[in-house]
>>> print(open('coords_25.txt').read())   # compact mmCIF, C-alpha atoms
# COMPACT_ATOMS: atom_id res chain seq x y z
CA MET J 59 -22.03 15.72 -16.10
CA ILE J 60 -21.17 12.02 -16.26
CA ILE J 61 -23.28 9.92 -13.89
CA LYS J 62 -21.36 6.85 -12.79
CA ARG J 63 -23.32 3.61 -12.58
CA ARG J 64 -23.38 2.04 -9.16
CA GLY J 65 -21.60 -1.24 -8.77
CA LYS J 66 -23.21 -4.28 -7.17
CA LEU J 67 -21.55 -3.64 -3.80
CA GLU J 68 -22.56 0.03 -3.86
CA VAL J 69 -26.21 -0.95 -4.46
CA ILE J 70 -26.06 -3.41 -1.54
CA ALA J 71 -24.50 -0.74 0.67
CA ASP J 72 -27.18 1.78 -0.36
CA ILE J 73 -29.95 -0.69 0.53
CA LEU J 74 -28.38 -1.48 3.89
CA ARG J 75 -27.74 2.22 4.59
CA SER J 76 -31.39 2.98 3.87
CA ILE J 77 -32.43 0.40 6.46
CA GLN J 78 -29.83 1.63 8.97
CA ASN J 79 -30.94 5.26 8.56
CA LYS J 80 -34.50 4.21 9.34
CA GLY J 81 -33.41 2.79 12.69
CA GLY J 82 -32.69 -0.74 11.47
CA LYS J 83 -36.16 -1.49 10.02
CA ILE J 84 -37.93 -0.36 6.88
CA LYS J 85 -41.13 -0.96 4.90
CA PRO J 86 -40.68 -2.50 1.42
CA THR J 87 -42.23 0.56 -0.28
CA HIS J 88 -39.85 2.93 1.52
CA LEU J 89 -36.92 0.73 0.60
CA LEU J 90 -38.01 0.81 -3.04
CA TYR J 91 -37.79 4.54 -3.39
CA LYS J 92 -34.81 4.97 -1.06
CA SER J 93 -32.73 2.42 -2.98
CA ASN J 94 -33.49 3.98 -6.37
CA LEU J 95 -34.00 0.58 -8.04
CA SER J 96 -36.74 -1.00 -10.11
CA HIS J 97 -39.12 -3.37 -8.31
CA VAL J 98 -37.63 -6.41 -10.07
CA LYS J 99 -34.03 -5.41 -9.29
CA LEU J 100 -34.85 -4.63 -5.66
CA LYS J 101 -36.48 -8.04 -5.27
CA GLU J 102 -33.30 -9.68 -6.61
CA TYR J 103 -31.10 -7.77 -4.17
CA VAL J 104 -33.43 -8.31 -1.22
CA ASN J 105 -33.51 -12.06 -1.87
CA MET J 106 -29.75 -12.10 -1.98
CA LEU J 107 -29.47 -10.14 1.28
CA LEU J 108 -31.98 -12.49 2.94
CA GLN J 109 -29.98 -15.51 1.76
CA LYS J 110 -26.72 -14.02 3.06
CA GLY J 111 -28.32 -13.27 6.42
CA MET J 112 -27.75 -9.52 6.22
CA ILE J 113 -31.44 -8.68 6.60
CA GLU J 114 -34.53 -10.52 7.76
CA GLU J 115 -38.21 -10.24 6.90
CA GLN J 116 -40.75 -9.97 9.71
CA GLN J 117 -44.47 -9.26 9.99
CA VAL J 118 -45.25 -6.25 12.20
CA LYS J 119 -48.94 -5.64 12.80
CA GLY J 120 -49.71 -7.70 9.70
CA ARG J 121 -47.37 -5.66 7.49
CA LYS J 122 -44.09 -6.83 5.96
CA MET J 123 -40.93 -5.14 7.28
CA PHE J 124 -37.21 -5.65 6.61
CA PHE J 125 -34.88 -5.69 9.60
CA MET J 126 -31.14 -5.27 9.43
CA LYS J 127 -29.12 -8.09 11.02
CA GLU J 128 -25.64 -7.99 12.57
CA GLN J 129 -24.17 -9.41 9.37
CA GLY J 130 -25.60 -6.44 7.49
CA HIS J 131 -24.09 -3.94 9.93
CA LYS J 132 -20.73 -5.69 9.61
CA PHE J 133 -20.88 -5.58 5.82
CA LEU J 134 -21.80 -1.89 5.81
CA LEU J 135 -18.95 -1.04 8.16
CA GLU J 136 -16.48 -3.00 6.03
CA PHE J 137 -17.77 -1.36 2.86
CA GLU J 138 -17.40 2.11 4.39
CA ARG J 139 -13.87 1.27 5.53
CA ILE J 140 -12.95 0.12 2.02
CA LYS J 141 -14.41 3.31 0.56
CA GLU J 142 -12.49 5.47 3.03
CA PHE J 143 -9.30 3.51 2.33
CA SER J 144 -9.83 3.91 -1.40
CA ASP J 145 -10.55 7.67 -1.11
CA SER J 146 -7.69 8.40 1.29
CA PHE J 147 -5.09 6.58 -0.79
CA GLY J 148 -6.42 7.97 -4.05
CA LEU J 149 -7.38 4.59 -5.47
CA MET U 29 31.81 3.56 1.78
CA VAL U 30 32.04 2.09 -1.71
CA PHE U 31 33.85 -1.18 -2.39
CA ASN U 32 34.71 -1.39 -6.05
CA SER U 33 36.29 -4.81 -6.53
CA MET U 34 33.02 -6.73 -6.72
CA PRO U 35 32.10 -9.49 -9.19
CA TYR U 36 30.63 -8.33 -12.46
CA GLY U 37 31.69 -4.80 -11.47
CA LEU U 38 28.94 -4.50 -8.84
CA PRO U 39 29.87 -1.98 -6.18
CA SER U 40 28.93 -2.63 -2.56
CA TYR U 41 27.51 0.34 -0.67
CA VAL U 42 27.61 0.93 3.07
CA PHE U 43 26.50 4.45 3.91
CA SER U 44 25.79 4.00 7.60
CA PRO U 45 28.21 5.16 10.30
CA THR U 46 29.33 2.18 12.44
CA TRP U 47 27.41 3.40 15.53
CA PHE U 48 24.19 3.33 13.44
CA TYR U 49 24.72 -0.26 12.25
CA GLY U 50 21.52 -2.23 12.82
CA PHE U 51 19.38 0.81 13.66
CA ASP U 52 18.69 1.33 9.97
CA SER U 53 17.61 -2.32 9.78
CA ILE U 54 15.16 -1.70 12.62
CA ILE U 55 13.77 1.33 10.74
CA GLU U 56 13.39 -0.82 7.63
CA LEU U 57 11.69 -3.50 9.71
CA ILE U 58 9.09 -0.91 10.79
CA ALA U 59 8.66 0.07 7.12
CA ILE U 60 8.13 -3.63 6.29
CA ILE U 61 5.39 -3.90 8.94
CA VAL U 62 3.59 -0.81 7.58
CA CYS U 63 3.91 -2.04 3.99
CA MET U 64 2.69 -5.54 4.94
CA LEU U 65 -0.39 -4.10 6.65
CA LEU U 66 -1.22 -2.17 3.48
CA VAL U 67 -0.56 -5.27 1.35
CA TYR U 68 -2.85 -7.37 3.52
CA TYR U 69 -5.72 -4.89 3.72
CA SER U 70 -5.56 -3.93 0.07
CA TYR U 71 -5.66 -7.59 -0.93
CA LYS U 72 -8.62 -8.10 1.40
CA CYS U 73 -10.38 -5.22 -0.39
CA PHE U 74 -9.66 -6.92 -3.69
CA LYS U 75 -11.15 -10.21 -2.43
CA ILE U 76 -14.34 -8.38 -1.44
CA THR U 77 -14.76 -5.95 -4.33
CA LYS U 78 -12.87 -7.79 -7.13
CA GLU U 79 -11.58 -4.40 -8.26
CA ASN U 80 -8.10 -4.56 -9.79
CA LYS U 81 -6.93 -1.24 -8.34
CA TYR U 82 -6.62 -2.90 -4.93
CA VAL U 83 -4.48 -5.72 -6.25
CA TYR U 84 -2.17 -3.17 -7.98
CA PHE U 85 -1.87 -1.24 -4.72
CA SER U 86 -1.14 -4.46 -2.87
CA THR U 87 1.54 -5.39 -5.45
CA ALA U 88 3.18 -1.95 -5.11
CA PHE U 89 3.58 -2.32 -1.35
CA LEU U 90 4.60 -5.97 -1.70
CA SER U 91 7.40 -4.81 -3.98
CA LEU U 92 8.50 -2.22 -1.38
CA THR U 93 8.32 -4.89 1.35
CA PHE U 94 10.53 -7.20 -0.67
CA ALA U 95 12.97 -4.33 -1.35
CA PHE U 96 13.33 -3.60 2.38
CA ILE U 97 13.75 -7.28 3.26
CA VAL U 98 16.55 -7.59 0.69
CA LYS U 99 18.18 -4.39 1.95
CA ILE U 100 18.19 -5.74 5.50
CA ILE U 101 19.80 -8.99 4.30
CA GLY U 102 22.40 -7.03 2.30
CA THR U 103 23.34 -4.70 5.13
CA LEU U 104 23.30 -7.37 7.83
CA ALA U 105 25.81 -9.34 5.76
CA ILE U 106 28.21 -6.45 6.37
CA TYR U 107 27.08 -5.44 9.86
CA LYS U 108 26.96 -8.90 11.37
CA PRO U 109 29.57 -11.20 9.84
CA ALA U 110 28.61 -13.70 12.56
CA ILE U 111 25.41 -14.37 10.61
CA THR U 112 27.39 -15.72 7.68
CA ARG U 113 29.18 -18.04 10.11
CA SER U 114 25.90 -19.41 11.52
CA ALA U 115 24.53 -22.82 10.48
CA LEU U 116 22.26 -21.33 7.81
CA GLY U 117 24.81 -18.73 6.83
CA SER U 118 27.60 -21.24 6.38
CA SER U 119 25.38 -23.61 4.38
CA ILE U 120 24.49 -20.70 2.06
CA HIS U 121 28.17 -19.83 1.93
CA GLN U 122 29.06 -23.42 0.97
CA THR U 123 26.45 -23.35 -1.80
CA PHE U 124 27.69 -20.05 -3.15
CA THR U 125 31.36 -20.37 -2.23
CA GLY U 126 32.40 -17.31 -4.18
CA LEU U 127 30.09 -14.97 -2.27
CA THR U 128 31.64 -12.66 0.32
CA PRO U 129 29.49 -10.41 2.57
CA TYR U 130 30.33 -7.55 0.22
CA ASP U 131 29.08 -9.56 -2.79
CA ILE U 132 25.82 -10.26 -0.94
CA ASN U 133 25.56 -6.56 -0.11
CA ALA U 134 26.18 -5.58 -3.75
CA LEU U 135 23.60 -8.04 -5.10
CA ALA U 136 21.11 -7.06 -2.42
CA PHE U 137 21.51 -3.38 -3.29
CA MET U 138 20.74 -4.16 -6.93
CA VAL U 139 17.59 -6.14 -6.03
CA TYR U 140 16.62 -3.42 -3.53
CA ILE U 141 16.86 -0.72 -6.22
CA PHE U 142 14.74 -2.77 -8.63
CA PHE U 143 11.92 -3.50 -6.19
CA MET U 144 11.85 0.01 -4.71
CA LEU U 145 11.56 1.56 -8.16
CA LEU U 146 8.99 -1.02 -9.22
CA GLY U 147 6.91 -0.31 -6.10
CA PHE U 148 6.99 3.46 -6.62
CA MET U 149 6.29 3.00 -10.33
CA ILE U 150 3.16 0.94 -9.60
CA LEU U 151 2.02 3.57 -7.08
CA PHE U 152 2.54 6.19 -9.77
CA LEU U 153 0.52 4.07 -12.24
CA ILE U 154 -2.37 3.73 -9.77
CA ILE U 155 -2.58 7.39 -8.83
CA SER U 156 -2.28 8.35 -12.54
CA ARG U 157 -5.32 6.13 -13.19
CA LEU U 158 -3.34 3.93 -15.56
CA THR U 159 -4.10 0.21 -15.70
CA TRP U 160 -2.65 -2.85 -17.40
CA LYS U 161 -4.92 -1.94 -20.34
CA ASN U 162 -2.47 0.90 -21.11
CA GLN U 163 0.03 -1.81 -22.08
CA ARG U 164 2.44 0.37 -24.07
CA VAL U 165 2.80 2.97 -21.32
CA VAL U 166 3.22 0.26 -18.68
CA ALA U 167 5.82 -1.55 -20.84
CA LEU U 168 7.76 1.70 -21.27
CA LEU U 169 7.70 2.41 -17.53
CA VAL U 170 8.85 -1.13 -16.70
CA TYR U 171 11.67 -0.68 -19.22
CA PHE U 172 12.67 2.52 -17.36
CA VAL U 173 12.71 0.59 -14.09
CA PHE U 174 15.16 -1.94 -15.60
CA LEU U 175 17.25 0.82 -17.19
CA THR U 176 17.42 2.89 -14.00
CA THR U 177 18.31 -0.21 -11.96
CA TRP U 178 21.13 -1.02 -14.37
CA ILE U 179 22.65 2.46 -14.32
CA SER U 180 21.96 2.99 -10.61
CA ILE U 181 24.16 0.00 -9.74
CA ILE U 182 27.13 2.12 -10.83
CA HIS U 183 25.74 5.57 -10.06
CA TYR U 184 23.63 4.98 -6.95
CA GLN U 185 22.54 8.66 -6.92
CA LEU U 186 20.44 8.06 -10.03
CA PHE U 187 18.33 5.59 -8.04
CA TYR U 188 17.57 8.06 -5.25
CA LEU U 189 17.02 10.83 -7.80
CA THR U 190 14.55 8.65 -9.73
CA SER U 191 12.76 7.69 -6.48
CA PHE U 192 12.65 11.41 -5.64
CA VAL U 193 11.05 12.28 -9.00
CA LEU U 194 8.54 9.41 -8.75
CA LEU U 195 7.63 10.38 -5.18
CA MET U 196 7.28 14.00 -6.24
CA LEU U 197 4.70 12.97 -8.86
CA ILE U 198 2.97 10.62 -6.40
CA THR U 199 2.87 13.33 -3.68
CA TYR U 200 1.48 15.90 -6.11
CA SER U 201 -1.25 13.48 -7.24
CA HIS U 202 -2.15 12.73 -3.62
CA TYR U 203 -2.27 16.46 -2.91
CA MET U 204 -4.74 16.90 -5.78
CA ASN U 205 -6.75 14.00 -4.36
CA TYR U 206 -6.75 15.68 -0.93
CA ARG U 207 -7.94 18.99 -2.45
CA GLN U 208 -10.78 17.10 -4.07
CA ILE U 209 -12.00 15.04 -1.14
CA LYS U 210 -10.79 17.28 1.75
CA SER U 211 -10.45 14.41 4.19
CA GLU U 212 -8.16 14.29 7.21
CA LYS U 213 -6.93 10.83 6.22
CA ALA U 214 -6.04 11.95 2.70
CA LYS U 215 -4.07 14.82 4.28
CA PHE U 216 -2.00 12.34 6.28
CA VAL U 217 -1.32 10.35 3.12
CA VAL U 218 -0.03 13.54 1.41
CA ILE U 219 2.16 14.34 4.43
CA ALA U 220 3.49 10.76 4.50
CA PHE U 221 4.51 10.81 0.85
CA ALA U 222 5.95 14.34 1.21
CA ILE U 223 8.13 13.12 4.11
CA LEU U 224 9.26 10.10 2.07
CA LEU U 225 10.08 12.55 -0.73
CA VAL U 226 12.31 14.59 1.61
CA SER U 227 14.03 11.40 2.79
CA GLN U 228 14.89 10.52 -0.83
CA ALA U 229 16.38 14.01 -1.28
CA PHE U 230 18.66 13.32 1.71
CA PHE U 231 19.59 9.87 0.35
CA VAL U 232 20.92 11.49 -2.85
CA PHE U 233 23.74 13.08 -0.82
CA VAL U 234 24.60 10.20 1.53
CA ILE U 235 28.00 9.72 -0.09
CA TYR U 236 29.15 13.14 1.21
CA SER U 237 28.38 12.60 4.88
CA ARG U 238 27.35 9.57 6.91
CA ILE U 239 25.18 11.68 9.15
CA ILE U 240 22.99 12.46 6.11
CA TYR U 241 22.26 8.74 5.87
CA VAL U 242 21.14 8.71 9.52
CA LEU U 243 18.90 11.73 8.93
CA ALA U 244 17.49 10.19 5.73
CA GLU U 245 16.65 6.95 7.55
CA ILE U 246 14.95 8.79 10.44
CA ILE U 247 12.92 10.93 8.01
CA GLN U 248 11.97 7.76 6.11
CA LEU U 249 10.78 6.20 9.38
CA LEU U 250 8.63 9.26 10.03
CA GLY U 251 7.16 8.93 6.53
CA PHE U 252 6.09 5.35 7.12
CA VAL U 253 4.66 6.19 10.54
CA TYR U 254 2.57 8.92 8.90
CA LEU U 255 1.42 6.40 6.30
CA LEU U 256 0.17 4.22 9.14
CA ILE U 257 -1.92 7.02 10.73
CA PRO U 258 -4.72 7.24 8.09
CA PHE U 259 -4.82 3.45 7.99
CA MET U 260 -5.33 3.26 11.77
CA MET U 261 -7.93 6.06 11.62
CA ILE U 262 -10.04 3.99 9.21
CA PHE U 263 -10.05 1.11 11.68
CA LYS U 264 -10.99 3.26 14.66
CA LYS U 265 -14.55 3.33 13.31
CA LYS U 266 -16.81 1.01 15.26
CA PRO U 267 -19.96 -0.73 13.95
CA LYS U 268 -23.22 1.20 14.37
CA ILE U 269 -25.60 -1.52 15.48
CA VAL U 270 -29.18 -0.49 16.04
CA LYS U 271 -30.98 -2.84 18.41
>>> encode(input="coords_25.txt", output="C-alpha cells")
Amino acid sequence: MIIKRRGKLEVIADILRSIQNKGGKIKPTHLLYKSNLSHVKLKEYVNMLLQKGMIEEQQVKGRKMFFMKEQGHKFLLEFERIKEFSDSFGL
Amino acid sequence: MVFNSMPYGLPSYVFSPTWFYGFDSIIELIAIIVCMLLVYYSYKCFKITKENKYVYFSTAFLSLTFAFIVKIIGTLAIYKPAITRSALGSSIHQTFTGLTPYDINALAFMVYIFFMLLGFMILFLIISRLTWKNQRVVALLVYFVFLTTWISIIHYQLFYLTSFVLLMLITYSHYMNYRQIKSEKAKFVVIAFAILLVSQAFFVFVIYSRIIYVLAEIIQLLGFVYLLIPFMMIFKKKPKIVK
C-alpha cells in the first residue's frame, strides 16, 4: 500500500480539526499525538497558525492550551469545501 | 439550414426553428453562468492550494464559456439583424466591410467548435490524471482538436460525434470516481455529464429535424443545471464554530 504524504494544507487542516474535535481547545501534548507530527514540526505549524490568527494560546489553570479562533474555523470550512469539490469533480 | 457560399468555403449553420430563435441563446447564457461559477471557484482553489489541477479545471470551463459566448454572437448575428445595424454593430461592420451576418455565424461556429473541443479535451486530460508533464500525449490531443475543428467546419457532425466520444470517456471516468468515493455530489456530476452526453447524441442528428435541435438544447440545459447541483451542495455547508 502506498501511503501518500500529507501536503502543508492537509497538515494545517488536521491540526485545526484536532482542536475542533476537542471542542475548540486542546492541550499541547494532545495536539502532538493527534496531529501525528514531530515536536519540532508541530512547533513550526503552531507558530504559523498563531501568526495567521487561526489559533490562540491561553493559560488555563496555569497550563498552556490552544484555542481555535474564527479564522481557523473559516479556513477549515474552506479546506473541506475544496476537498469535497475536488472529490466530487474527480480532480 | 446550411449556407454554402461563405468566404474560404466556411458553411454557416442555423439549426434552430424560427420560433426557437433566441431561446437557445438563453440556454447558452445559463451554461455560461454555470461554467463561470466553476471557473471562478476552481481558480480560487488554485490560489489557496497552488495545485495545478484546479487551474486546468478552470481553463477547461473557461474554454467552454468562451465557446458559448462565441456561439451566442454567431447565432444572434442571424437571429437579430438589428444588432448589426446598431452603433457598435455598424462600426464593426465598417471595419470588416466584407462580413455578412452569415460570415459572422460561420466564423463563430468554427471558433465555437475549437473551444468546445478544447474544453472537453482538458476535462478528459484532468480526469485521466494527465498533466502538462505528459507533453507528447497533450501535444497529440491538441493536434486532434485542431484537426477535428478543421474537418468539422465542413462536416459539422464530426464535431458533435467527437464531443460525444469525449463526453462518453469523461462520464465513464466520473462514474468510476463515484464508485470509489460513493458521494451524492459525485453522483450528480456523473448524471450531469451523462445528460450532456445524451444532448451531444441529439446534436449529431440536428440536420434531419429542427425539433431535434430544440430537444438537444433543452437536454443540454438540464445537464448544466445538474452540474450546478453538486456545486451548490458544497456551499450549503455552514461553519461549525464552537464558542
>>> residues_around(input="coords_25.txt", residues="Lys110 in chain J", least_positions_apart="4", cutoff="9 Å", atoms="only C-alpha atoms", output="list in words")
Asn105, Met106, Gln129 and Gly130 of chain J
>>> interface_residues(input="coords_25.txt", of="chain U", to="chain J", cutoff="10 Å", atoms="only C-alpha atoms", output="JSON, numbers by chain")
{"U": [66, 69, 70, 72, 73, 74, 76, 77, 81, 82, 84, 85, 151, 154, 155, 156, 157, 201, 202, 203, 204, 205, 206, 208, 209, 210, 211, 212, 213, 214, 215, 216, 217, 218, 255, 258, 259, 261, 262, 263, 264, 265, 266, 267, 268, 269, 270, 271]}
>>> atom_distance(input="coords_25.txt", atom1="CA of Lys119 in chain J", atom2="CA of Lys92 in chain J")
22.5 Å
>>> closest_residue(input="coords_25.txt", among="U:Trp178, U:Tyr184, U:Ser86, U:Lys99", to="Ile150 in chain U", atoms="only C-alpha atoms")
U:Ser86
>>> residues_around(input="coords_25.txt", residues="Cys63 in chain U", least_positions_apart="4", cutoff="7 Å", atoms="only C-alpha atoms", output="tab-separated table (two decimals) with C-alpha atoms, in the frame of the given file")
chain	number	residue	atom	x	y	z
U	59	ALA	CA	8.66	0.07	7.12
U	67	VAL	CA	-0.56	-5.27	1.35
U	89	PHE	CA	3.58	-2.32	-1.35
U	90	LEU	CA	4.60	-5.97	-1.70
U	93	THR	CA	8.32	-4.89	1.35
>>> residues_around(input="coords_25.txt", residues="Ser93 in chain J", least_positions_apart="6", cutoff="8 Å", atoms="all atoms listed in the file", output="number ranges by chain")
J: 69, 72-73, 76, 100
>>> atom_distance(input="coords_25.txt", atom1="CA of Lys161 in chain U", atom2="CA of Arg207 in chain U")
27.7 Å
>>> atom_distance(input="coords_25.txt", atom1="CA of Arg75 in chain J", atom2="CA of Met260 in chain U")
23.6 Å
>>> residues_near_point(input="coords_25.txt", point="(13.7, -5.9, -3.0)", cutoff="12 Å", atoms="only C-alpha atoms", output="ChimeraX atom specification")
/U:56,60,88-102,135-147,177
>>> closest_residue(input="coords_25.txt", among="U:Leu158, U:Glu245, U:Ala229, U:Leu256", to="Ile55 in chain U", atoms="all atoms listed in the file")
U:Glu245
>>> decode(input="coords_25.txt", residues="range 62-83 of chain J", atoms="N, CA and C atoms", output="short mmCIF file (atom, residue, chain, number, x, y, z; two decimals), in the first residue's frame")
data_model
loop_
_atom_site.label_atom_id
_atom_site.label_comp_id
_atom_site.auth_asym_id
_atom_site.auth_seq_id
_atom_site.Cartn_x
_atom_site.Cartn_y
_atom_site.Cartn_z
N LYS J 62 0.34 8.14 1.00
CA LYS J 62 0.59 9.46 0.43
C LYS J 62 1.00 10.44 1.52
N ARG J 63 2.04 11.22 1.23
CA ARG J 63 2.47 12.23 2.21
C ARG J 63 1.46 13.37 2.25
N ARG J 64 1.22 13.87 3.46
CA ARG J 64 0.28 14.97 3.57
C ARG J 64 0.92 16.26 3.09
N GLY J 65 0.13 17.05 2.42
CA GLY J 65 0.62 18.36 1.99
C GLY J 65 0.53 19.34 3.16
N LYS J 66 1.10 20.53 2.95
CA LYS J 66 1.12 21.54 4.01
C LYS J 66 -0.30 21.89 4.48
N LEU J 67 -1.19 22.09 3.49
CA LEU J 67 -2.57 22.47 3.84
C LEU J 67 -3.29 21.35 4.58
N GLU J 68 -3.00 20.11 4.19
CA GLU J 68 -3.63 18.96 4.87
C GLU J 68 -3.18 18.87 6.32
N VAL J 69 -1.89 19.15 6.56
CA VAL J 69 -1.36 19.13 7.94
C VAL J 69 -2.07 20.21 8.77
N ILE J 70 -2.18 21.41 8.18
CA ILE J 70 -2.86 22.51 8.88
C ILE J 70 -4.30 22.12 9.21
N ALA J 71 -4.97 21.55 8.20
CA ALA J 71 -6.37 21.14 8.41
C ALA J 71 -6.46 20.07 9.49
N ASP J 72 -5.52 19.14 9.52
CA ASP J 72 -5.53 18.08 10.54
C ASP J 72 -5.35 18.68 11.94
N ILE J 73 -4.45 19.65 12.06
CA ILE J 73 -4.22 20.30 13.36
C ILE J 73 -5.51 21.00 13.82
N LEU J 74 -6.09 21.78 12.88
CA LEU J 74 -7.30 22.53 13.23
C LEU J 74 -8.46 21.59 13.55
N ARG J 75 -8.56 20.49 12.80
CA ARG J 75 -9.62 19.51 13.04
C ARG J 75 -9.48 18.86 14.43
N SER J 76 -8.21 18.62 14.79
CA SER J 76 -7.96 18.04 16.12
C SER J 76 -8.47 18.98 17.21
N ILE J 77 -8.23 20.27 17.01
CA ILE J 77 -8.69 21.25 18.02
C ILE J 77 -10.21 21.31 18.02
N GLN J 78 -10.78 21.35 16.80
CA GLN J 78 -12.25 21.44 16.68
C GLN J 78 -12.94 20.23 17.31
N ASN J 79 -12.37 19.04 17.08
CA ASN J 79 -12.96 17.82 17.65
C ASN J 79 -12.90 17.77 19.17
N LYS J 80 -11.98 18.55 19.71
CA LYS J 80 -11.86 18.60 21.19
C LYS J 80 -12.65 19.78 21.76
N GLY J 81 -13.61 20.26 20.99
CA GLY J 81 -14.48 21.33 21.47
C GLY J 81 -13.87 22.71 21.35
N GLY J 82 -12.88 22.87 20.48
CA GLY J 82 -12.30 24.19 20.22
C GLY J 82 -11.10 24.53 21.08
N LYS J 83 -10.70 23.60 21.99
CA LYS J 83 -9.49 23.84 22.80
C LYS J 83 -8.76 22.51 23.03
#
